[in-house]
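*Asks:* Just so it is clear, I am handing over data.txt, which has compact mmCIF, C-alpha atoms.
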# COMPACT_ATOMS: atom_id res chain seq x y z
CA MET A 1 -130.76 -100.36 69.89
CA SER A 2 -129.62 -99.05 66.51
CA TYR A 3 -130.09 -100.75 63.16
CA GLN A 4 -128.19 -100.22 59.95
CA LEU A 5 -131.06 -100.88 57.59
CA ASP A 6 -132.75 -99.38 54.57
CA SER A 7 -134.16 -95.86 54.53
CA GLY A 8 -137.47 -97.04 55.97
CA LEU A 9 -135.89 -97.84 59.33
CA MET A 10 -132.51 -96.12 59.19
CA GLY A 11 -131.63 -94.45 62.44
CA ARG A 12 -134.66 -95.74 64.37
CA THR A 13 -134.45 -97.72 67.56
CA HIS A 14 -136.67 -100.49 68.89
CA ASP A 15 -137.29 -102.09 72.22
CA TRP A 16 -138.24 -105.75 72.15
CA PRO A 17 -140.60 -107.61 74.51
CA GLY A 18 -139.00 -108.25 77.88
CA GLY A 19 -136.46 -105.49 77.33
CA LYS A 20 -134.07 -107.91 75.66
CA ARG A 21 -131.64 -107.31 72.83
CA CYS A 22 -133.52 -109.65 70.46
CA VAL A 23 -136.89 -111.30 70.05
CA ALA A 24 -137.32 -114.90 68.84
CA THR A 25 -140.25 -117.01 67.74
CA ILE A 26 -140.34 -120.75 67.17
CA THR A 27 -142.96 -121.49 64.53
CA ILE A 28 -144.11 -125.04 63.86
CA ASP A 29 -145.96 -125.74 60.60
CA PHE A 30 -148.14 -128.78 61.38
CA ASP A 31 -148.21 -129.93 57.73
CA GLY A 32 -149.68 -133.37 58.33
CA ASP A 33 -151.17 -135.57 55.65
CA CYS A 34 -153.06 -132.57 54.25
CA ARG A 35 -150.17 -132.14 51.82
CA GLU A 36 -150.57 -135.61 50.36
CA VAL A 37 -154.37 -135.43 50.32
CA GLY A 38 -154.17 -132.05 48.59
CA ARG A 39 -152.10 -133.66 45.84
CA GLY A 40 -154.58 -136.48 45.42
CA GLU A 41 -152.33 -139.08 47.09
CA THR A 42 -153.40 -141.70 49.63
CA PRO A 43 -151.37 -140.96 52.80
CA LEU A 44 -150.17 -144.54 53.27
CA GLY A 45 -146.86 -146.31 52.72
CA LYS A 46 -144.35 -144.15 50.90
CA THR A 47 -146.69 -141.14 51.11
CA SER A 48 -147.39 -141.43 54.84
CA HIS A 49 -144.71 -138.99 56.05
CA GLY A 50 -147.28 -136.37 57.02
CA ARG A 51 -149.07 -138.67 59.44
CA TYR A 52 -145.94 -138.56 61.60
CA SER A 53 -146.73 -134.98 62.62
CA ALA A 54 -149.75 -135.78 64.74
CA LYS A 55 -148.45 -139.13 65.99
CA CYS A 56 -144.92 -138.14 67.00
CA GLY A 57 -143.70 -134.74 65.83
CA ILE A 58 -146.22 -132.40 67.46
CA PRO A 59 -146.13 -134.26 70.82
CA ARG A 60 -142.32 -134.00 70.81
CA TYR A 61 -142.46 -130.25 70.23
CA LEU A 62 -145.04 -129.77 72.95
CA ASP A 63 -142.77 -131.58 75.38
CA LEU A 64 -139.73 -129.66 74.14
CA CYS A 65 -141.45 -126.32 74.71
CA ASP A 66 -142.37 -127.37 78.24
CA GLU A 67 -138.79 -128.46 78.86
CA VAL A 68 -137.15 -125.22 77.73
CA GLY A 69 -139.94 -122.99 79.01
CA ILE A 70 -141.10 -121.26 75.82
CA LYS A 71 -144.38 -120.76 73.97
CA ALA A 72 -144.55 -121.41 70.24
CA THR A 73 -146.82 -120.67 67.30
CA PHE A 74 -148.31 -123.71 65.54
CA PHE A 75 -149.57 -123.08 61.99
CA VAL A 76 -152.30 -125.67 61.44
CA PRO A 77 -154.00 -126.40 58.10
CA GLY A 78 -157.76 -126.82 58.39
CA TYR A 79 -157.73 -130.41 57.14
CA ASP A 80 -155.18 -131.44 59.78
CA ALA A 81 -157.28 -129.75 62.45
CA GLU A 82 -160.27 -131.81 61.31
CA GLN A 83 -158.23 -135.01 61.54
CA SER A 84 -156.64 -134.23 64.92
CA PRO A 85 -159.00 -131.92 66.82
CA ASP A 86 -157.93 -133.15 70.26
CA LEU A 87 -154.29 -132.43 69.44
CA VAL A 88 -155.17 -128.88 68.40
CA ARG A 89 -157.00 -128.44 71.69
CA GLU A 90 -153.94 -129.75 73.54
CA ILE A 91 -151.68 -127.25 71.79
CA VAL A 92 -153.91 -124.47 73.10
CA ALA A 93 -154.27 -126.03 76.57
CA ARG A 94 -150.50 -126.03 76.91
CA GLY A 95 -150.35 -122.31 76.28
CA HIS A 96 -149.35 -122.07 72.64
CA GLU A 97 -150.80 -120.15 69.72
CA VAL A 98 -152.64 -121.83 66.86
CA ALA A 99 -152.64 -119.88 63.60
CA ALA A 100 -154.06 -120.58 60.13
CA HIS A 101 -152.12 -122.27 57.34
CA GLY A 102 -154.52 -123.05 54.50
CA TYR A 103 -156.89 -125.97 54.28
CA LEU A 104 -155.03 -128.63 52.26
CA HIS A 105 -151.70 -126.77 52.40
CA GLU A 106 -152.49 -125.43 48.96
CA GLY A 107 -149.27 -125.55 46.98
CA TRP A 108 -151.00 -123.84 44.11
CA ASP A 109 -152.68 -120.51 43.52
CA PRO A 110 -156.27 -121.15 44.69
CA GLY A 111 -157.55 -118.28 42.54
CA GLU A 112 -161.23 -117.49 43.00
CA GLN A 113 -161.55 -120.23 45.62
CA GLU A 114 -159.16 -118.49 48.00
CA PRO A 115 -161.68 -116.49 50.09
CA GLU A 116 -163.79 -119.62 50.53
CA LEU A 117 -160.77 -121.71 51.59
CA LEU A 118 -159.52 -119.04 53.98
CA LYS A 119 -162.93 -118.86 55.65
CA LYS A 120 -163.27 -122.65 55.72
CA SER A 121 -160.05 -123.08 57.69
CA HIS A 122 -160.92 -120.07 59.85
CA ASP A 123 -164.25 -121.64 60.80
CA ILE A 124 -162.65 -125.01 61.54
CA LEU A 125 -159.99 -123.56 63.84
CA THR A 126 -162.19 -121.08 65.72
CA PRO A 127 -164.17 -123.53 67.89
CA LEU A 128 -161.11 -125.71 68.50
CA ILE A 129 -158.97 -122.88 69.87
CA GLY A 130 -161.81 -121.03 71.57
CA HIS A 131 -161.52 -117.83 69.54
CA PRO A 132 -160.82 -116.84 65.92
CA PRO A 133 -157.21 -117.35 64.82
CA ARG A 134 -155.32 -114.05 64.59
CA GLY A 135 -152.39 -115.04 62.39
CA TRP A 136 -151.88 -116.64 58.97
CA ARG A 137 -148.98 -118.01 56.95
CA SER A 138 -149.35 -118.83 53.28
CA PRO A 139 -149.05 -122.62 52.88
CA GLY A 140 -147.67 -122.57 49.36
CA GLY A 141 -146.29 -119.04 49.06
CA SER A 142 -149.21 -117.64 47.06
CA LYS A 143 -150.52 -114.29 48.24
CA THR A 144 -152.51 -111.55 46.50
CA GLU A 145 -154.52 -108.46 47.29
CA VAL A 146 -157.57 -110.73 47.53
CA THR A 147 -155.74 -112.70 50.22
CA MET A 148 -155.09 -109.62 52.32
CA ARG A 149 -158.58 -108.22 51.85
CA THR A 150 -160.08 -111.51 53.04
CA LEU A 151 -157.76 -111.78 56.04
CA ILE A 152 -158.60 -108.23 57.10
CA ASP A 153 -162.32 -108.94 56.75
CA LEU A 154 -161.91 -112.06 58.93
CA GLY A 155 -160.15 -110.05 61.63
CA TYR A 156 -156.56 -111.28 61.33
CA VAL A 157 -153.88 -109.06 62.84
CA TYR A 158 -150.73 -110.48 61.26
CA ASP A 159 -149.37 -112.29 58.22
CA SER A 160 -146.17 -114.36 58.33
CA SER A 161 -145.54 -115.01 54.64
CA GLU A 162 -143.17 -112.35 53.31
CA LYS A 163 -139.51 -113.16 52.65
CA ASP A 164 -138.04 -109.78 51.77
CA TYR A 165 -137.25 -108.12 55.09
CA ASP A 166 -135.59 -108.73 58.45
CA LEU A 167 -137.99 -106.97 60.82
CA PRO A 168 -141.73 -106.75 61.44
CA PHE A 169 -143.45 -104.06 59.43
CA THR A 170 -146.78 -102.51 58.56
CA ALA A 171 -147.16 -102.66 54.81
CA HIS A 172 -149.58 -101.01 52.44
CA GLY A 173 -152.76 -103.04 52.22
CA PRO A 174 -155.59 -103.08 49.68
CA ALA A 175 -156.78 -99.63 48.77
CA ASP A 176 -160.37 -100.43 49.76
CA ARG A 177 -159.47 -101.48 53.32
CA GLN A 178 -158.39 -99.19 56.16
CA ASN A 179 -157.02 -101.97 58.37
CA LYS A 180 -153.35 -102.78 58.07
CA LEU A 181 -151.93 -106.11 59.08
CA ILE A 182 -148.57 -106.42 60.74
CA THR A 183 -146.20 -108.52 58.63
CA LEU A 184 -143.88 -110.83 60.57
CA PRO A 185 -141.49 -112.11 57.88
CA ASN A 186 -140.31 -115.69 57.79
CA ASN A 187 -137.08 -116.73 56.11
CA VAL A 188 -137.50 -119.91 54.07
CA SER A 189 -133.81 -120.36 53.32
CA SER A 190 -131.57 -120.04 56.35
CA LEU A 191 -134.16 -120.36 59.14
CA ASP A 192 -136.34 -123.14 57.75
CA ASP A 193 -135.65 -126.85 58.02
CA TYR A 194 -137.10 -127.73 54.60
CA PRO A 195 -134.15 -126.74 52.35
CA PHE A 196 -131.63 -128.38 54.66
CA TYR A 197 -133.34 -131.73 55.07
CA ARG A 198 -135.21 -131.96 51.77
CA VAL A 199 -132.94 -130.22 49.27
CA SER A 200 -129.38 -130.57 50.54
CA TYR A 201 -129.93 -133.47 52.97
CA THR A 202 -127.73 -131.73 55.51
CA PRO A 203 -126.86 -133.70 58.68
CA PRO A 204 -128.60 -132.38 61.82
CA SER A 205 -125.30 -131.35 63.40
CA GLU A 206 -124.55 -129.03 60.48
CA VAL A 207 -128.07 -127.60 60.53
CA LEU A 208 -127.57 -126.74 64.20
CA GLN A 209 -124.32 -124.98 63.42
CA GLN A 210 -125.89 -122.94 60.61
CA TRP A 211 -128.82 -121.89 62.79
CA ILE A 212 -126.47 -120.90 65.61
CA GLU A 213 -124.51 -118.75 63.16
CA GLU A 214 -127.74 -117.12 61.97
CA TRP A 215 -128.73 -116.45 65.57
CA GLU A 216 -125.39 -114.88 66.44
CA ALA A 217 -125.56 -112.61 63.41
CA ILE A 218 -129.13 -111.54 64.22
CA ARG A 219 -128.13 -111.05 67.84
CA ALA A 220 -125.36 -108.70 66.70
CA GLU A 221 -127.98 -106.63 64.84
CA ASN A 222 -130.42 -106.63 67.77
CA GLY A 223 -132.97 -108.23 65.46
CA PHE A 224 -135.87 -110.64 65.00
CA PHE A 225 -135.23 -114.41 64.83
CA ASP A 226 -138.05 -116.59 63.44
CA LEU A 227 -137.33 -120.30 63.10
CA THR A 228 -139.69 -122.45 61.01
CA VAL A 229 -139.80 -126.22 61.48
CA HIS A 230 -142.09 -128.97 60.26
CA PRO A 231 -142.82 -131.90 62.63
CA ARG A 232 -143.10 -134.39 59.76
CA ILE A 233 -140.67 -137.20 59.11
CA GLY A 234 -138.61 -137.09 55.93
CA TYR A 235 -137.91 -133.46 55.08
CA GLY A 236 -139.21 -132.25 58.43
CA SER A 237 -137.87 -131.91 61.96
CA GLY A 238 -140.08 -134.39 63.78
CA SER A 239 -137.52 -137.14 64.42
CA PRO A 240 -135.66 -137.32 67.76
CA ALA A 241 -132.31 -136.13 66.38
CA ARG A 242 -133.85 -133.18 64.55
CA VAL A 243 -135.98 -132.15 67.51
CA ASP A 244 -132.81 -132.25 69.56
CA VAL A 245 -131.26 -129.73 67.17
CA VAL A 246 -134.01 -127.27 68.05
CA ARG A 247 -133.56 -128.04 71.77
CA LYS A 248 -129.82 -127.31 71.59
CA LEU A 249 -130.41 -124.15 69.54
CA VAL A 250 -132.93 -122.76 72.04
CA ARG A 251 -130.64 -123.58 74.96
CA HIS A 252 -127.77 -121.80 73.20
CA MET A 253 -129.91 -118.74 72.59
CA GLN A 254 -131.22 -118.68 76.15
CA ALA A 255 -127.69 -118.90 77.52
CA SER A 256 -126.89 -115.55 75.90
CA GLY A 257 -129.38 -113.75 78.12
CA ASP A 258 -130.20 -111.54 75.14
CA VAL A 259 -133.49 -112.98 73.90
CA THR A 260 -137.18 -113.01 74.66
CA PHE A 261 -139.11 -115.95 73.19
CA CYS A 262 -142.76 -115.27 72.42
CA THR A 263 -145.53 -116.32 70.06
CA LEU A 264 -146.12 -114.46 66.82
CA GLU A 265 -149.44 -113.28 68.20
CA GLN A 266 -147.68 -111.72 71.19
CA LEU A 267 -145.12 -110.09 68.92
CA ALA A 268 -147.84 -108.78 66.60
CA ASP A 269 -149.65 -107.16 69.51
CA TRP A 270 -146.37 -105.62 70.65
CA CYS A 271 -145.75 -104.16 67.20
CA ILE A 272 -149.34 -102.93 66.81
CA GLU A 273 -148.99 -100.92 70.01
CA ARG A 274 -145.86 -99.36 68.49
CA ARG A 275 -147.05 -99.25 64.90
CA ASP A 276 -145.22 -96.01 64.08
CA SER A 277 -141.92 -97.71 64.90
CA PHE A 278 -142.54 -100.45 62.37
CA THR A 279 -143.46 -98.50 59.27
CA ARG A 280 -141.61 -99.23 56.05
CA ASP A 281 -141.09 -97.07 52.98
CA TRP A 282 -142.19 -98.76 49.75
CA PRO A 283 -141.14 -97.86 46.22
CA ARG A 284 -143.87 -95.72 44.65
CA GLU A 285 -144.94 -98.43 42.23
CA ASN A 286 -145.63 -100.84 45.09
CA VAL A 287 -147.95 -98.61 47.08
CA GLY A 288 -151.26 -100.45 47.34
CA GLY A 289 -149.86 -103.28 45.25
CA ALA A 290 -151.19 -106.79 45.40
CA ALA A 291 -148.01 -108.50 46.54
CA HIS A 292 -147.57 -106.84 49.90
CA GLY A 293 -149.20 -107.42 53.22
Would you put the structure from the file into C-alpha cells?

*Replies:*
Amino acid sequence: MSYQLDSGLMGRTHDWPGGKRCVATITIDFDGDCREVGRGETPLGKTSHGRYSAKCGIPRYLDLCDEVGIKATFFVPGYDAEQSPDLVREIVARGHEVAAHGYLHEGWDPGEQEPELLKKSHDILTPLIGHPPRGWRSPGGSKTEVTMRTLIDLGYVYDSSEKDYDLPFTAHGPADRQNKLITLPNNVSSLDDYPFYRVSYTPPSEVLQQWIEEWEAIRAENGFFDLTVHPRIGYGSGSPARVDVVRKLVRHMQASGDVTFCTLEQLADWCIERRDSFTRDWPRENVGGAAHG
C-alpha cells in the first residue's frame, strides 16, 4: 500500500491489522457532567446535558457496538468514572477499551497541577478496568513536555491528542526520557461530532454524508480513520438519531470489505511492533520540543 505523504513517510508501505486496506477506530469521549462540574456549574436543568451520557448515550453505544460487531475505545474522565463506576466496569466487560481523558475534562491549562491530575485519574481508572489505562487523550487540547513525561512515567503507550497528521507516528519525546509513545492522531474538525452539532448545527443526515465522504477519501489513500463522538445530548451524539448516524456509517464502511475496526490500544500495539514503519521526520527546531508526543 503506497502513500503520497510528506518526506517522513514518502515511498513507505504499511500493512494494517487484519490485512485490510484501512484501519478504523471508533472513539467515544464519555464527557459526562464532569464538564459542568469543572466549570463550577451545578449539573441540573439547563446544564444537565452531560448526565445524559451515563443514562442513555453510553448504553446506546454499547448496544450499537454489539450490533455491528466492533470494539471501541471509551475515553473516560476520572470524575465520570467516580460517578458511574459500574458503567465503566460494563464497558470493560463488553470487551472495549477504557482510556484516560483528564479528571474534570480540564478545558484549561492545568499547569503545575497536571502531573497530580493525570495520576489521580490514572489511579481511579486502574481498579475499575482491572489494569492501568494505556492510552490518553487531552480533554481540553492542552499538552506539554510535562504531560508526556508524566504519561511515560505512568506507563502509557499511546497519546491521541495531536491534530497535525493523518497516520500514527512515533514522535520525539522529552529529552530526559527514553520511552517514546505512539501518537494516534484525532481529527477534531471533519471526524468529530462537536463542530457539526455544536457550531454549525448540522442535521444528522448531512453529518452522515460528510463522514462517508471522509471515509471514502481515506479509503482511497489506504489510511487511518478515527471517528470521535460524545454520547452527551446537545452538542453530542447520544440521541437516537445521532447514534443511528454512526450505525449507518459503520455499516457503510463494513460493506466495503476494506476495513479492520479495532481499539486504539490494539492499533498502538500493532504500531509499536512495527515502530520503524511509523517514524516521522520533524523540523530541526521541533526535535525534543514540548508540543509533540

*Asks:* Tell me, in Å to one decimal, how far atom CA of Thr27 of chain A is from atom CA of Asn179 of chain A.

*Replies:*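 A separation of 24.8 Å between them.
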
*Asks:* Report the closest atom pair, with its distance in Å rounded to one decimal, for each residue of segment 207-275 of chain A that has an atom no farther than 7 Å from segment 183-200 of chain A; count only C-alpha atoms, sort by chain and then rising residue number, and write it as a Markdown table.

*Replies:*
| residue | atom | partner | partner_atom | distance |
| --- | --- | --- | --- | --- |
| A:Val207 | CA | A:Phe196 | CA | 6.9 |
| A:Trp211 | CA | A:Leu191 | CA | 6.6 |
| A:Asp226 | CA | A:Asn186 | CA | 6.2 |
| A:Leu227 | CA | A:Leu191 | CA | 5.1 |
| A:Thr228 | CA | A:Asp192 | CA | 4.7 |
| A:Val229 | CA | A:Asp193 | CA | 5.4 |
| A:Tyr235 | CA | A:Arg198 | CA | 4.5 |
| A:Gly236 | CA | A:Tyr194 | CA | 6.3 |
| A:Ser237 | CA | A:Asp193 | CA | 6.8 |

*Asks:* Would you work out the distance separating atom CA of Ser256 of chain A from atom CA of Arg21 of chain A, expressed in Å to one decimal?

*Replies:*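 Taking atom CA of Ser256 of chain A as the start and atom CA of Arg21 of chain A as the end point, the length is 10.0 Å.
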
*Asks:* Name all residues at most 8 Å from Tyr61 of chain A (count all atoms listed in the file; drop same-chain ones fewer than 3 positions away) and give them as an MDAnalysis selection string.

*Replies:* chainID A and resid 57:58 64:65 231 243

*Asks:* Can you pull out every residue within 12 Å of Arg60 of chain A, counting all atoms listed in the file, but drop anything in the same chain fewer than 4 positions away, and send it as a PDB file with C-alpha atoms, keeping the file's coordinate frame?

*Replies:*
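Written file, out.pdb:
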ATOM      1  CA  ILE A  28    -144.110-125.040  63.860  1.00  0.00           C
ATOM      2  CA  TYR A  52    -145.940-138.560  61.600  1.00  0.00           C
ATOM      3  CA  SER A  53    -146.730-134.980  62.620  1.00  0.00           C
ATOM      4  CA  ALA A  54    -149.750-135.780  64.740  1.00  0.00           C
ATOM      5  CA  LYS A  55    -148.450-139.130  65.990  1.00  0.00           C
ATOM      6  CA  CYS A  56    -144.920-138.140  67.000  1.00  0.00           C
ATOM      7  CA  LEU A  64    -139.730-129.660  74.140  1.00  0.00           C
ATOM      8  CA  CYS A  65    -141.450-126.320  74.710  1.00  0.00           C
ATOM      9  CA  ASP A  66    -142.370-127.370  78.240  1.00  0.00           C
ATOM     10  CA  GLU A  67    -138.790-128.460  78.860  1.00  0.00           C
ATOM     11  CA  ILE A  91    -151.680-127.250  71.790  1.00  0.00           C
ATOM     12  CA  HIS A 230    -142.090-128.970  60.260  1.00  0.00           C
ATOM     13  CA  PRO A 231    -142.820-131.900  62.630  1.00  0.00           C
ATOM     14  CA  ARG A 232    -143.100-134.390  59.760  1.00  0.00           C
ATOM     15  CA  SER A 237    -137.870-131.910  61.960  1.00  0.00           C
ATOM     16  CA  GLY A 238    -140.080-134.390  63.780  1.00  0.00           C
ATOM     17  CA  SER A 239    -137.520-137.140  64.420  1.00  0.00           C
ATOM     18  CA  PRO A 240    -135.660-137.320  67.760  1.00  0.00           C
ATOM     19  CA  ALA A 241    -132.310-136.130  66.380  1.00  0.00           C
ATOM     20  CA  ARG A 242    -133.850-133.180  64.550  1.00  0.00           C
ATOM     21  CA  VAL A 243    -135.980-132.150  67.510  1.00  0.00           C
ATOM     22  CA  ASP A 244    -132.810-132.250  69.560  1.00  0.00           C
ATOM     23  CA  VAL A 246    -134.010-127.270  68.050  1.00  0.00           C
ATOM     24  CA  ARG A 247    -133.560-128.040  71.770  1.00  0.00           C
TER      25      ARG A 247
END

*Asks:* By how many Å are atom CA of Arg149 of chain A and atom CA of His101 of chain A apart?

*Replies:*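 Answer for the atom CA of Arg149 of chain A to atom CA of His101 of chain A separation: 16.4 Å.
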
*Asks:* Tell me which of A:Leu104, A:Val92, A:Val98, A:Val250 sits closest to Gly140 of chain A, counting all atoms listed in the file.

*Replies:* A:Leu104

*Asks:* Using all atoms listed in the file, pick whichever of A:Gly141, A:Pro43, A:Gly32, A:Gly234 has the shortest atom-to-atom distance to Ser160 of chain A.

*Replies:*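 Residue with the minimum atom-to-atom distance to Ser160 of chain A: A:Gly141.
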
*Asks:* For Ser84 of chain A, which residue among A:Glu97, A:Arg51, A:Gly18, A:Tyr103 is the nearest when counting all atoms listed in the file?

*Replies:*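 For Ser84 of chain A, the nearest of the candidates is A:Arg51.
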
*Asks:* Compile the contact shell of Arg89 of chain A as a count of residues only: residues with an atom at most 12 Å away, counting only C-alpha atoms, same-chain residues fewer than 2 positions apart removed.

*Replies:* 23

*Asks:* Which residues are near Asp258 of chain A? Cut-off 10 Å, all atoms listed in the file, ignore same chain within fewer than 3 positions. Put them as a PyMOL selection string.

*Replies:* chain A and resi 18-23+219+222+253-255

*Asks:* I need the residue nearest Lys120 of chain A from this list: A:Val88, A:Leu154, A:Val146, A:Ile26. Use only C-alpha atoms for the distance.

*Replies:*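 Residue with the minimum atom-to-atom distance to Lys120 of chain A: A:Leu154.
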
*Asks:* Which one of A:Ile272, A:Ala100, A:Leu151, A:Leu167 sits closest to Phe225 of chain A if you count all atoms listed in the file?

*Replies:* A:Leu167

*Asks:* Which polymer residues have any atom within 7 Å of an atom of Pro139 of chain A, counting only C-alpha atoms, with same-chain residues fewer than 6 positions away left out, as JSON, numbers by chain?

*Replies:* {"A": [101, 102, 105, 106, 107]}

*Asks:* Which residue out of A:Phe30, A:Tyr156, A:Tyr79, A:Trp215 has the minimum interatomic distance to Leu117 of chain A when all atoms listed in the file are used?

*Replies:*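 So, comparing all the options, the nearest one is A:Tyr79.
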
*Asks:* Could the residues of segment 81-177 of chain A that have an atom at most 9 Å from segment 276-280 of chain A be listed as a Markdown table, each with its closest atom pair and the distance in Å to one decimal, counting only C-alpha atoms and ordered by chain and ascending residue number?

*Replies:*
| residue | atom | partner | partner_atom | distance |
| --- | --- | --- | --- | --- |
| A:Leu167 | CA | A:Phe278 | CA | 8.1 |
| A:Pro168 | CA | A:Phe278 | CA | 6.4 |
| A:Phe169 | CA | A:Phe278 | CA | 4.7 |
| A:Thr170 | CA | A:Thr279 | CA | 5.3 |
| A:Ala171 | CA | A:Arg280 | CA | 6.6 |
| A:His172 | CA | A:Arg280 | CA | 8.9 |
